[in-house]
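Trainee: Take a look at coords12.txt, compact mmCIF, C-alpha atoms:
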```txt
# COMPACT_ATOMS: atom_id res chain seq x y z
CA MET B 1428 -39.48 27.35 12.05
CA ASN B 1429 -40.72 26.57 8.53
CA ILE B 1430 -40.22 22.82 8.22
CA PHE B 1431 -41.06 22.89 4.49
CA ARG B 1432 -38.27 25.36 3.74
CA VAL B 1433 -35.85 23.46 5.94
CA LEU B 1434 -36.45 20.21 4.05
CA ALA B 1435 -36.17 22.01 0.71
CA SER B 1436 -32.80 23.58 1.59
CA GLY B 1437 -30.71 20.43 1.23
CA LYS B 1438 -28.84 19.21 -1.84
CA GLN B 1439 -31.96 17.55 -3.22
CA ALA B 1440 -35.07 19.59 -4.05
CA VAL B 1441 -38.14 18.75 -2.00
CA ARG B 1442 -40.03 15.98 -3.77
CA GLU B 1443 -43.57 16.49 -5.03
CA GLU B 1444 -44.58 13.32 -3.23
CA PHE B 1445 -43.85 14.98 0.13
CA VAL B 1446 -46.04 17.98 -0.66
CA SER B 1447 -48.78 15.65 -1.96
CA ALA B 1448 -48.64 13.72 1.31
CA PHE B 1449 -49.34 16.91 3.27
CA LEU B 1450 -52.19 17.77 0.91
CA ALA B 1451 -53.66 14.32 1.57
CA TYR B 1452 -53.26 14.96 5.29
CA LEU B 1453 -55.38 18.12 5.03
CA LEU B 1454 -58.02 16.30 2.98
CA SER B 1455 -58.54 13.54 5.55
CA PRO B 1456 -60.93 14.44 8.40
CA LYS B 1457 -59.53 11.56 10.44
CA MET B 1458 -56.09 13.12 10.78
CA ASP B 1459 -54.98 15.02 13.88
CA HIS B 1460 -55.04 18.51 12.30
CA GLY B 1461 -58.40 19.30 13.88
CA LEU B 1462 -59.78 20.85 10.68
CA GLY B 1463 -62.38 18.15 10.18
CA TYR B 1464 -63.96 18.44 6.74
CA SER B 1465 -63.10 22.15 6.34
CA PHE B 1466 -60.41 21.82 3.70
CA LEU B 1467 -62.13 19.13 1.63
CA SER B 1468 -65.53 20.85 1.64
CA ARG B 1469 -64.05 24.23 0.61
CA LEU B 1470 -62.10 22.54 -2.16
CA LEU B 1471 -65.24 20.91 -3.53
CA VAL B 1472 -67.23 24.15 -3.39
CA GLY B 1473 -64.44 26.05 -5.17
CA VAL B 1474 -64.14 23.43 -7.91
CA ALA B 1475 -67.94 23.40 -8.29
CA ASP B 1476 -68.05 27.18 -8.77
CA LYS B 1477 -65.14 27.33 -11.22
CA ASN B 1478 -66.26 24.37 -13.34
CA ASP B 1479 -70.06 24.60 -13.12
CA VAL B 1480 -70.52 21.27 -11.33
CA PRO B 1481 -73.29 22.08 -8.80
CA VAL B 1482 -73.56 18.48 -7.64
CA LEU B 1483 -70.18 18.90 -5.93
CA LYS B 1484 -71.75 21.57 -3.71
CA GLU B 1485 -74.35 19.04 -2.67
CA LEU B 1486 -71.55 16.64 -1.81
CA ALA B 1487 -69.75 19.33 0.19
CA SER B 1488 -72.92 20.14 2.13
CA LYS B 1489 -72.99 16.56 3.42
CA LEU B 1490 -69.50 16.94 4.86
CA ARG B 1491 -69.78 18.16 8.41
CA SER B 1492 -68.43 17.15 11.75
CA ARG B 1493 -71.20 15.59 13.79
CA LEU B 1494 -71.31 14.57 17.43
CA TRP B 1495 -74.61 12.71 17.07
CA GLU B 1496 -75.29 10.29 14.23
CA ASN B 1497 -78.57 8.94 12.92
CA ILE B 1498 -78.19 5.17 13.22
CA PHE B 1499 -80.71 4.67 10.39
CA GLU B 1500 -78.95 7.01 7.94
CA GLU B 1501 -77.29 5.15 5.09
CA GLY B 1502 -74.11 6.09 3.31
CA MET B 1503 -71.95 9.14 3.84
CA GLY B 1504 -69.32 7.58 5.99
CA PRO B 1505 -66.14 9.57 6.56
CA PRO B 1506 -64.02 10.12 3.41
CA ILE B 1507 -61.22 7.62 2.85
CA VAL B 1508 -57.92 9.05 1.61
CA GLU B 1509 -55.24 6.92 -0.04
CA LEU B 1510 -51.76 7.98 -1.17
CA GLU B 1511 -49.92 6.71 -4.24
CA PHE B 1512 -52.78 4.66 -5.69
CA LYS B 1513 -51.31 2.24 -8.24
CA VAL B 1514 -52.96 1.79 -11.63
CA PRO B 1515 -51.92 -0.35 -14.65
CA GLY B 1516 -48.82 0.67 -16.54
CA ASN B 1517 -46.82 1.05 -13.33
CA ARG B 1518 -48.41 4.47 -12.79
CA TYR B 1519 -49.47 6.08 -9.55
CA ILE B 1520 -52.19 8.61 -8.78
CA ASP B 1521 -50.91 10.96 -6.08
CA ILE B 1522 -54.11 10.99 -4.00
CA VAL B 1523 -57.44 9.15 -4.23
CA VAL B 1524 -60.34 10.18 -1.99
CA LYS B 1525 -63.50 8.04 -1.68
CA CYS B 1526 -66.29 10.37 -0.62
CA ASP B 1527 -69.91 9.13 -0.67
CA ASP B 1528 -70.53 8.06 -4.28
CA TRP B 1529 -67.51 9.94 -5.66
CA PHE B 1530 -63.89 9.03 -6.26
CA ILE B 1531 -61.68 12.12 -6.25
CA LEU B 1532 -58.42 11.54 -8.16
CA ILE B 1533 -55.72 14.16 -7.54
CA GLU B 1534 -52.51 14.63 -9.51
CA SER B 1535 -50.25 17.24 -7.87
CA LYS B 1536 -47.39 19.25 -9.39
CA ILE B 1537 -45.24 21.90 -7.72
CA VAL B 1538 -42.96 22.76 -10.66
CA PRO B 1539 -44.06 23.36 -14.29
CA SER B 1540 -41.33 21.11 -15.69
CA SER B 1541 -42.89 18.01 -14.15
CA LYS B 1542 -45.98 18.20 -16.40
CA ALA B 1543 -46.22 15.02 -18.47
CA ASP B 1544 -48.32 14.89 -21.63
CA GLY B 1545 -51.18 12.42 -21.42
CA GLN B 1546 -50.63 11.66 -17.74
CA LEU B 1547 -54.15 12.54 -16.60
CA GLU B 1548 -55.75 10.51 -19.38
CA ALA B 1549 -53.61 7.47 -18.51
CA GLN B 1550 -54.40 7.77 -14.79
CA TYR B 1551 -58.12 8.16 -15.38
CA LYS B 1552 -58.30 5.18 -17.74
CA GLY B 1553 -56.10 3.17 -15.42
CA PHE B 1554 -58.38 3.87 -12.48
CA LEU B 1555 -61.43 2.83 -14.50
CA GLU B 1556 -59.62 -0.38 -15.36
CA VAL B 1557 -58.96 -1.06 -11.67
CA ILE B 1558 -62.62 -0.63 -10.71
CA GLY B 1559 -64.04 -1.81 -14.04
CA GLY B 1560 -66.45 -4.72 -14.02
CA LYS B 1561 -67.37 -3.97 -10.44
CA GLU B 1562 -70.38 -2.24 -8.99
CA LEU B 1563 -68.01 0.53 -7.94
CA ALA B 1564 -67.64 1.61 -11.58
CA LYS B 1565 -71.40 1.73 -12.18
CA ASN B 1566 -72.51 3.38 -8.96
CA ASN B 1567 -69.76 5.96 -8.46
CA ARG B 1568 -68.63 9.07 -10.24
CA ILE B 1569 -65.06 10.34 -10.70
CA LEU B 1570 -63.72 13.85 -10.15
CA MET B 1571 -60.23 14.37 -11.61
CA LEU B 1572 -58.34 17.29 -10.04
CA TYR B 1573 -55.07 18.68 -11.38
CA VAL B 1574 -53.26 20.65 -8.64
CA VAL B 1575 -50.59 22.78 -10.32
CA PRO B 1576 -48.22 25.68 -9.62
CA ALA B 1577 -48.92 29.22 -10.74
CA ALA B 1578 -46.10 31.48 -11.97
CA THR B 1579 -45.42 35.06 -10.92
CA ASN B 1580 -43.71 38.13 -12.32
CA GLY B 1581 -43.57 39.68 -8.85
CA GLU B 1582 -46.97 41.34 -9.15
CA THR B 1583 -49.42 38.73 -10.35
CA TRP B 1584 -49.79 34.95 -10.48
CA SER B 1585 -51.18 32.91 -13.35
CA VAL B 1586 -51.46 29.27 -14.47
CA SER B 1587 -49.83 28.15 -17.70
CA PRO B 1588 -52.25 27.27 -20.53
CA GLY B 1589 -50.24 24.05 -20.83
CA PHE B 1590 -51.83 22.76 -17.63
CA TYR B 1591 -55.28 23.66 -18.95
CA GLY B 1592 -54.43 21.87 -22.17
CA GLU B 1593 -53.52 18.69 -20.32
CA LEU B 1594 -56.86 18.75 -18.49
CA ASP B 1595 -58.80 19.60 -21.67
CA LYS B 1596 -57.43 16.46 -23.36
CA LEU B 1597 -58.95 14.26 -20.66
CA ASN B 1598 -61.97 12.39 -22.03
CA GLN B 1599 -64.40 11.29 -19.31
CA ARG B 1600 -67.66 9.44 -18.87
CA PRO B 1601 -70.73 11.74 -19.14
CA ASN B 1602 -71.35 12.02 -15.38
CA ASP B 1603 -67.74 12.43 -14.29
CA ALA B 1604 -66.05 15.80 -13.75
CA LYS B 1605 -62.66 17.49 -13.77
CA GLY B 1606 -61.08 20.69 -12.55
CA LEU B 1607 -57.87 22.65 -12.17
CA VAL B 1608 -56.61 23.80 -8.77
CA SER B 1609 -53.58 26.06 -8.33
CA TRP B 1610 -51.30 26.16 -5.33
CA GLN B 1611 -50.88 29.95 -5.35
CA PRO B 1612 -53.83 32.37 -5.55
CA THR B 1613 -54.34 34.29 -8.78
CA ASN B 1614 -56.12 37.60 -9.18
CA ASP B 1615 -58.16 36.70 -12.24
CA ASP B 1616 -61.74 35.43 -11.89
CA GLU B 1617 -61.17 32.96 -14.71
CA MET B 1618 -58.32 31.30 -12.85
CA PRO B 1619 -58.86 28.25 -10.63
CA ILE B 1620 -59.42 27.96 -6.89
CA SER B 1621 -56.13 27.75 -4.99
CA VAL B 1622 -54.82 25.75 -2.04
CA VAL B 1623 -53.38 28.89 -0.45
CA SER B 1624 -56.69 30.77 -0.70
CA ILE B 1625 -58.54 27.87 0.93
CA ILE B 1626 -56.07 27.80 3.84
CA ARG B 1627 -56.27 31.58 4.22
CA ASP B 1628 -60.08 31.40 4.37
CA ILE B 1629 -59.92 28.73 7.07
CA LEU B 1630 -57.49 30.82 9.14
CA LYS B 1631 -59.60 33.97 8.73
CA GLU B 1632 -62.78 32.20 9.80
CA GLU B 1633 -61.03 30.64 12.77
CA ALA B 1634 -59.87 34.10 13.86
CA ILE B 1635 -63.46 35.41 14.03
CA GLY B 1636 -65.02 32.29 15.52
CA LEU B 1637 -66.61 30.80 12.39
CA GLN B 1638 -64.24 27.83 12.43
CA SER B 1639 -63.45 25.53 15.33
CA PRO B 1640 -60.22 26.58 17.11
CA ILE B 1641 -57.06 25.36 15.40
CA GLY B 1642 -54.10 24.16 17.44
CA THR B 1643 -51.02 26.37 17.56
CA GLU B 1644 -48.79 23.82 15.83
CA ILE B 1645 -51.26 23.25 13.01
CA ARG B 1646 -51.81 26.98 12.51
CA HIS B 1647 -48.05 27.50 12.31
CA THR B 1648 -47.72 24.62 9.82
CA LEU B 1649 -50.46 26.04 7.60
CA LEU B 1650 -48.77 29.45 7.61
CA SER B 1651 -45.47 27.73 6.79
CA LEU B 1652 -47.06 25.99 3.79
CA ILE B 1653 -48.40 29.34 2.53
CA ASP B 1654 -44.95 30.90 2.86
CA PHE B 1655 -43.35 27.91 1.11
CA ALA B 1656 -45.83 27.93 -1.79
CA MET B 1657 -45.68 31.70 -2.28
CA ASP B 1658 -41.90 31.45 -2.78
CA ASP B 1659 -42.29 28.82 -5.52
CA PHE B 1660 -41.55 25.96 -3.10
CA HIS B 1661 -37.96 27.10 -2.55
CA GLY B 1662 -35.86 26.38 0.50
CA PHE B 1663 -34.12 29.10 2.47
CA HIS B 1664 -31.99 31.44 0.36
CA TYR B 1665 -28.69 31.30 2.19
CA GLN B 1666 -25.06 31.21 1.20
CA GLN B 1667 -23.46 27.87 1.95
CA ALA B 1668 -20.39 28.06 4.18
CA THR B 1669 -18.61 25.44 2.07
CA SER B 1670 -18.54 27.73 -0.96
CA PRO B 1671 -17.55 31.22 0.23
CA ALA B 1672 -16.70 32.35 -3.30
CA LYS B 1673 -20.27 31.98 -4.57
CA LEU B 1674 -20.96 35.72 -4.36
CA ILE B 1675 -18.62 37.40 -6.82
CA ASN B 1676 -19.69 40.89 -5.84
CA PRO B 1677 -22.75 41.66 -3.69
CA LYS B 1678 -23.40 44.81 -5.74
CA MET B 1679 -22.24 45.79 -9.21
CA LYS B 1680 -23.37 48.48 -11.64
CA VAL B 1681 -25.27 47.34 -14.73
CA ARG B 1682 -22.76 48.94 -17.13
CA LYS B 1683 -20.07 46.64 -15.74
CA VAL B 1684 -22.34 43.58 -15.75
CA LEU B 1685 -22.97 44.04 -19.48
CA GLY B 1686 -19.27 43.35 -20.07
CA LEU B 1687 -19.03 40.19 -17.93
CA ASP B 1688 -18.63 36.60 -19.13
CA GLY B 1689 -19.14 33.28 -17.42
CA ASP B 1690 -21.74 31.17 -15.68
CA LEU B 1691 -23.18 33.96 -13.52
CA TYR B 1692 -26.61 35.01 -12.25
CA ILE B 1693 -27.90 38.54 -11.82
CA GLY B 1694 -30.20 39.35 -8.93
CA ILE B 1695 -32.74 42.11 -9.47
CA GLN B 1696 -36.10 42.55 -7.80
CA TYR B 1697 -38.88 40.94 -9.87
CA GLY B 1698 -36.43 39.39 -12.34
CA LYS B 1699 -37.29 39.94 -16.02
CA TYR B 1700 -40.23 42.20 -15.17
CA GLY B 1701 -38.07 44.30 -12.84
CA THR B 1702 -35.38 44.62 -15.49
CA ALA B 1703 -37.76 45.57 -18.30
CA SER B 1704 -39.73 48.09 -16.21
CA ARG B 1705 -36.56 49.87 -15.04
CA ALA B 1706 -34.44 49.71 -18.19
CA TRP B 1707 -36.87 50.65 -21.00
CA ARG B 1708 -35.20 53.51 -22.89
CA ASN B 1709 -33.59 54.57 -19.61
CA PRO B 1710 -29.80 55.20 -19.90
CA SER B 1711 -29.56 55.85 -16.16
CA PHE B 1712 -30.26 52.14 -15.63
CA LEU B 1713 -26.59 51.58 -16.47
CA ASP B 1714 -25.74 52.97 -13.02
CA TYR B 1715 -28.31 50.78 -11.25
CA GLU B 1716 -26.69 48.22 -8.92
CA VAL B 1717 -27.53 44.52 -9.09
CA VAL B 1718 -26.25 41.39 -7.32
CA VAL B 1719 -23.85 39.10 -9.19
CA THR B 1720 -23.50 35.49 -8.06
CA GLU B 1721 -22.50 32.02 -9.21
CA ASP B 1722 -25.31 30.43 -7.21
CA SER B 1723 -27.99 29.08 -9.55
CA SER B 1724 -30.41 28.07 -6.77
CA LEU B 1725 -31.57 31.47 -5.55
CA GLY B 1726 -34.89 31.57 -7.41
CA TRP B 1727 -36.66 33.29 -10.28
CA GLN B 1728 -35.43 36.80 -9.39
CA TYR B 1729 -31.89 35.76 -10.35
CA LEU B 1730 -31.46 35.83 -14.13
CA PRO B 1731 -28.75 34.00 -16.09
CA LEU B 1732 -26.14 36.56 -17.15
CA LYS B 1733 -26.84 36.13 -20.88
CA THR B 1734 -30.59 36.61 -20.35
CA PHE B 1735 -29.99 39.77 -18.32
CA GLN B 1736 -27.61 41.15 -20.95
CA ILE B 1737 -29.95 40.46 -23.88
CA LEU B 1738 -32.96 41.94 -22.10
CA THR B 1739 -31.08 45.02 -20.84
CA ASN B 1740 -29.42 45.83 -24.17
CA TRP B 1741 -32.77 45.50 -25.96
CA CYS B 1742 -34.56 47.71 -23.43
CA LEU B 1743 -31.91 50.42 -23.71
CA GLU B 1744 -31.75 50.34 -27.53
CA PRO B 1745 -34.71 48.36 -28.95
CA GLU B 1746 -34.02 49.51 -32.52
CA LYS B 1747 -30.49 48.05 -32.37
CA TYR B 1748 -30.95 44.80 -30.40
CA SER B 1749 -33.43 41.91 -30.37
CA LEU B 1750 -34.91 39.59 -27.73
CA GLU B 1751 -33.77 36.45 -29.54
CA GLY B 1752 -31.95 34.03 -27.25
CA ILE B 1753 -33.97 34.46 -24.06
CA PRO B 1754 -35.70 31.34 -22.68
CA TRP B 1755 -39.28 32.26 -21.80
CA THR B 1756 -41.58 30.61 -19.31
CA GLY B 1757 -44.19 31.75 -16.80
CA ASN B 1758 -45.61 35.26 -16.83
CA PRO B 1759 -42.52 37.43 -16.32
CA LEU B 1760 -43.60 40.57 -18.21
CA ASP B 1761 -46.35 43.15 -17.98
CA LEU B 1762 -48.67 44.09 -20.86
CA ALA B 1763 -46.63 47.17 -21.84
CA THR B 1764 -43.44 45.13 -22.23
CA LEU B 1765 -45.28 42.44 -24.21
CA TYR B 1766 -46.54 45.14 -26.58
CA ARG B 1767 -43.02 46.49 -27.00
CA ALA B 1768 -41.63 42.98 -27.50
CA GLY B 1769 -44.08 42.41 -30.34
CA LYS B 1770 -43.29 45.75 -31.94
CA TYR B 1771 -39.52 45.91 -31.45
CA GLY B 1772 -38.42 42.46 -30.22
CA LYS B 1773 -37.46 40.99 -33.60
CA THR B 1774 -37.82 37.45 -32.28
CA LYS B 1775 -39.62 34.33 -33.49
CA SER B 1776 -39.07 32.49 -30.20
CA MET B 1777 -41.61 34.23 -28.00
CA PHE B 1778 -45.21 33.06 -27.67
CA VAL B 1779 -47.99 34.45 -25.49
CA GLY B 1780 -50.37 31.92 -23.96
CA ILE B 1781 -53.99 32.48 -23.07
CA LYS B 1782 -56.82 29.97 -22.88
CA GLY B 1783 -58.87 30.46 -26.04
CA GLY B 1784 -55.91 31.78 -28.03
CA LEU B 1785 -56.20 34.67 -30.47
CA ASN B 1786 -60.00 34.46 -30.53
CA LYS B 1787 -60.04 35.06 -26.78
CA ILE B 1788 -57.88 38.19 -27.22
CA ARG B 1789 -60.16 39.48 -29.95
CA GLY B 1790 -63.20 38.96 -27.73
CA LEU B 1791 -61.86 41.04 -24.86
CA THR B 1792 -62.40 44.78 -24.57
CA PRO B 1793 -59.39 47.12 -24.30
CA GLU B 1794 -60.26 47.66 -20.64
CA GLN B 1795 -60.34 43.92 -19.98
CA LEU B 1796 -56.99 43.43 -21.70
CA LYS B 1797 -55.35 46.22 -19.72
CA ALA B 1798 -56.73 44.88 -16.46
CA ARG B 1799 -55.86 41.25 -17.12
CA LYS B 1800 -52.04 41.32 -16.82
CA LEU B 1801 -51.88 37.51 -16.72
CA PHE B 1802 -50.28 36.26 -19.92
CA GLN B 1803 -47.98 33.24 -20.00
CA LEU B 1804 -44.85 33.09 -22.15
CA GLU B 1805 -43.07 30.16 -23.75
CA THR B 1806 -40.15 29.84 -26.16
CA LYS B 1807 -42.00 27.31 -28.35
CA GLN B 1808 -45.55 27.30 -29.69
CA LYS B 1809 -47.13 24.31 -27.98
CA SER B 1810 -50.65 24.74 -29.40
CA LYS B 1811 -52.97 27.27 -31.02
CA GLU B 1812 -53.46 28.85 -27.60
CA TRP B 1813 -49.87 30.12 -27.83
CA ILE B 1814 -49.76 33.28 -29.96
CA PRO B 1815 -46.59 34.56 -31.71
CA ILE B 1816 -45.57 37.80 -30.04
CA ALA B 1817 -45.94 39.76 -33.29
CA ASP B 1818 -49.56 38.56 -33.67
CA PHE B 1819 -50.21 39.50 -30.05
CA TRP B 1820 -48.89 43.00 -30.70
CA HIS B 1821 -51.11 43.40 -33.78
CA ALA B 1822 -54.14 42.22 -31.77
CA LEU B 1823 -53.44 44.89 -29.13
CA GLU B 1824 -53.08 47.62 -31.76
CA ASP B 1825 -56.34 46.51 -33.38
CA LYS B 1826 -57.95 47.18 -29.99
CA GLY B 1827 -56.40 50.64 -29.88
CA ILE B 1828 -53.94 49.62 -27.15
CA LYS B 1829 -50.54 51.26 -27.55
CA PHE B 1830 -47.55 51.91 -25.32
CA ASP B 1831 -44.68 54.28 -25.94
```
Represent the structure contained in this file as structure tokens.

Mentor:
Amino acid sequence: MNIFRVLASGKQAVREEFVSAFLAYLLSPKMDHGLGYSFLSRLLVGVADKNDVPVLKELASKLRSRLWENIFEEGMGPPIVELEFKVPGNRYIDIVVKCDDWFILIESKIVPSSKADGQLEAQYKGFLEVIGGKELAKNNRILMLYVVPAATNGETWSVSPGFYGELDKLNQRPNDAKGLVSWQPTNDDEMPISVVSIIRDILKEEAIGLQSPIGTEIRHTLLSLIDFAMDDFHGFHYQQATSPAKLINPKMKVRKVLGLDGDLYIGIQYGKYGTASRAWRNPSFLDYEVVVTEDSSLGWQYLPLKTFQILTNWCLEPEKYSLEGIPWTGNPLDLATLYRAGKYGKTKSMFVGIKGGLNKIRGLTPEQLKARKLFQLETKQKSKEWIPIADFWHALEDKGIKFD
């Protein structure tokens, strides 16, 4: 049984506070999971590597389960973990960990829409206000961690530049530090350490005897969390018995779907990416069968009918149709489709996001661009790191990158 999916399958979506509570559970060596300091120390090492904060590795090296203690050794008591730490302004920090001379502040998100502008800055300043005027403020450092969801197009995962932007706006004291952590693992070296990758490493090392044995229930729970996170924190995808008419037609040919109206959703493997890769200048796609449903809760592989129709018509006849009218978010398209969207899309509502913006694109080699695959999309230009799709296309052509 996957308890996370069960809880997320009710009328209300699983709350971020519940997932944060489990994250805090893993971070505390005093809990009954039997992992000791494993999760916390790996998290610190990963953040240190990704953000060039070597002192965090020194902190991690002090974290170890010990049977015998030196009664004359000062400091380094077990980390203290607190949930929902209140700061001025009626704000709450999801998790605060006191570890040696560090405070680790963690703000956790599981859906992109819950990102709030200026939240990290307010939490950080609020925490300083709470400990300000005390020796705690002078003798301790603060690490601010932003744990965020990655988005997938079915092949790769990436983190939205918007989350990076929120962290970049955080102004800290000289000796404090900050870092981004994703829930799902990405396949780009520039992307952050992930919760799932840390858990997988722990399970792998336990399997070959490099980690103390993990209880069966805990191992199952960790695997359940991985499964839950890798499906974008969705509950079970099942048809509710109280609404038997939800599925209009389990399978319907695309040519018929293009003539439908109404509040419907079209299920196709890999969503927008799957549609674009199959339909591009391919008339036979009209005979491809897709799922048609009224259920809006089945996940990212089910596209709103209008989105599916716009994308399909454009793919089949790009000279005749445009991509205007599609809401973009995440990284739903591959590099070839992004190139074609810039060249033929005829839309001003499509922006490609990459940390560093257009200058970053210009600094990459053609080989690096082709290998990267991780480009976020948004309907609005949120900052200079979001590039209009036409400018992105020109940048690719300047590098000699072209797709038919």

Trainee: From the set B:Gly1463, B:Gly1701, B:Pro1619, B:Gly1636, which residue has the shortest atom-to-atom contact distance to Gln1728 (chain B), counting all atoms listed in the file?

Mentor: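 The answer is B:Gly1701, which sits nearest to Gln1728 (chain B).
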
Trainee: Given the choices B:Gly1772, B:Ala1604, B:Ile1629, B:Tyr1551, which gets closest to Ser1468 (chain B) if the distance is worked out from only C-alpha atoms?

Mentor: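 Smallest separation from Ser1468 (chain B) among the options: B:Ile1629.
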
Trainee: If the box runs along x, y and z of the file and leaves 5 Å on each side of region 1693-1698 of chain B, what are its centre and edge lengths in Å, one decimal, as JSON?

Mentor:
```
{"center_x": -33.4, "center_y": 40.5, "center_z": -10.1, "size_x": 21.0, "size_y": 14.0, "size_z": 14.5}
```

Trainee: Smallest atom-to-atom distance to Glu1534 (chain B): which of B:Gln1696, B:Ser1639, B:Thr1613, B:Ser1447, using all atoms listed in the file?

Mentor: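 Nearest candidate to Glu1534 (chain B) out of B:Gln1696, B:Ser1639, B:Thr1613, B:Ser1447: B:Ser1447.
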
Trainee: Up to 12 Å from (-50.1, 46.9, -22.8) in the file's coordinates: name the residues, counting only C-alpha atoms, as a CSV table (one decimal) with C-alpha atoms, in the coordinates of the input.

Mentor:
```csv
chain,number,residue,atom,x,y,z
B,1760,LEU,CA,-43.6,40.6,-18.2
B,1761,ASP,CA,-46.4,43.2,-18.0
B,1762,LEU,CA,-48.7,44.1,-20.9
B,1763,ALA,CA,-46.6,47.2,-21.8
B,1764,THR,CA,-43.4,45.1,-22.2
B,1765,LEU,CA,-45.3,42.4,-24.2
B,1766,TYR,CA,-46.5,45.1,-26.6
B,1767,ARG,CA,-43.0,46.5,-27.0
B,1768,ALA,CA,-41.6,43.0,-27.5
B,1769,GLY,CA,-44.1,42.4,-30.3
B,1770,LYS,CA,-43.3,45.8,-31.9
B,1793,PRO,CA,-59.4,47.1,-24.3
B,1794,GLU,CA,-60.3,47.7,-20.6
B,1795,GLN,CA,-60.3,43.9,-20.0
B,1796,LEU,CA,-57.0,43.4,-21.7
B,1797,LYS,CA,-55.4,46.2,-19.7
B,1798,ALA,CA,-56.7,44.9,-16.5
B,1799,ARG,CA,-55.9,41.2,-17.1
B,1800,LYS,CA,-52.0,41.3,-16.8
B,1801,LEU,CA,-51.9,37.5,-16.7
B,1802,PHE,CA,-50.3,36.3,-19.9
B,1819,PHE,CA,-50.2,39.5,-30.0
B,1820,TRP,CA,-48.9,43.0,-30.7
B,1821,HIS,CA,-51.1,43.4,-33.8
B,1822,ALA,CA,-54.1,42.2,-31.8
B,1823,LEU,CA,-53.4,44.9,-29.1
B,1824,GLU,CA,-53.1,47.6,-31.8
B,1826,LYS,CA,-58.0,47.2,-30.0
B,1827,GLY,CA,-56.4,50.6,-29.9
B,1828,ILE,CA,-53.9,49.6,-27.2
B,1829,LYS,CA,-50.5,51.3,-27.6
B,1830,PHE,CA,-47.6,51.9,-25.3
B,1831,ASP,CA,-44.7,54.3,-25.9
```

Trainee: Which residue, B:Arg1646, B:Lys1782, B:Lys1811, B:Lys1699, has the smallest gap to Gly1757 (chain B) when you use all atoms listed in the file?

Mentor: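 So, comparing all the options, the nearest one is B:Lys1699.
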
Trainee: Residues near Met1618 (chain B), anyone? I mean within 10 Å using only C-alpha atoms, not counting same-chain ones fewer than 4 positions away, as a list in words.

Mentor: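 Contacts, in chain order: Lys1477, Ala1577, Trp1584, Ser1585, Val1586, Leu1607, Val1608, Ser1609, Pro1612, Thr1613, Asn1614 and Leu1801 of chain B.
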
Trainee: Quick one: residues within 12 Å of (-71.9, 19.5, -3.9) (file frame), counting all atoms listed in the file, please, as a PyMOL selection string.

Mentor: chain B and resi 1467-1476+1479-1490+1526-1529+1570

Trainee: Counting all atoms listed in the file, which residue out of B:Lys1683, B:Tyr1692, B:Gly1461, B:Tyr1697 sits closest to Glu1716 (chain B)?

Mentor: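 The shortest atom-to-atom distance to Glu1716 (chain B) comes from B:Lys1683.
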
Trainee: For region 1504-1509 of chain B, find every residue with an atom within 9 Å (counting only C-alpha atoms), except residues of its own chain fewer than 4 positions away, and show them as an MDAnalysis selection string.

Mentor: chainID B and resid 1451:1452 1454:1457 1464 1490 1521:1527

Trainee: What is the CA of Gly1545 (chain B) to CA of Gly1589 (chain B) distance in Å?

Mentor: 11.7 Å

Trainee: Grab the CA of Ala1706 (chain B) to CA of Ile1693 (chain B) distance for me, in Å with one decimal place.

Mentor: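 Computing it gives 14.4 Å between the two atoms.
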
Trainee: Could you check how far CA of Lys1747 (chain B) sits from CA of Tyr1771 (chain B), in Å to one decimal?

Mentor: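 Separation of CA of Lys1747 (chain B) and CA of Tyr1771 (chain B): 9.3 Å.
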
Trainee: Can you tell me, as number ranges by chain, what residues are no more than 12 Å from Ala1564 (chain B) when counting only C-alpha atoms, ignoring any on the same chain fewer than 3 positions away?

Mentor: B: 1528-1530, 1552, 1554-1561, 1567-1569, 1600, 1602-1603

Trainee: Of the candidates B:Trp1741, B:Tyr1700, B:Trp1610, B:Phe1445, which shows the shortest atom-to-atom distance to Asp1658 (chain B), using only C-alpha atoms?

Mentor: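 Nearest to Asp1658 (chain B): B:Trp1610.
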
Trainee: Take region 1516-1531 of chain B from the preceding structure and save C-alpha atoms as a PDB file, in the first residue's frame.

Mentor:
```pdb
ATOM      1  CA  GLY B1516       3.906  38.693  10.193  1.00  0.00           C
ATOM      2  CA  ASN B1517       1.919  35.555  11.017  1.00  0.00           C
ATOM      3  CA  ARG B1518       4.259  33.531   8.793  1.00  0.00           C
ATOM      4  CA  TYR B1519       5.524  30.022   9.307  1.00  0.00           C
ATOM      5  CA  ILE B1520       8.745  28.336   8.194  1.00  0.00           C
ATOM      6  CA  ASP B1521       7.946  24.728   7.282  1.00  0.00           C
ATOM      7  CA  ILE B1522      10.968  23.186   9.024  1.00  0.00           C
ATOM      8  CA  VAL B1523      13.764  24.567  11.207  1.00  0.00           C
ATOM      9  CA  VAL B1524      16.724  22.363  12.133  1.00  0.00           C
ATOM     10  CA  LYS B1525      19.262  23.404  14.797  1.00  0.00           C
ATOM     11  CA  CYS B1526      22.487  21.577  14.023  1.00  0.00           C
ATOM     12  CA  ASP B1527      25.698  22.525  15.856  1.00  0.00           C
ATOM     13  CA  ASP B1528      26.201  26.240  15.097  1.00  0.00           C
ATOM     14  CA  TRP B1529      23.785  26.248  12.142  1.00  0.00           C
ATOM     15  CA  PHE B1530      20.080  26.917  11.781  1.00  0.00           C
ATOM     16  CA  ILE B1531      18.673  25.201   8.687  1.00  0.00           C
TER      17      ILE B1531
END
```
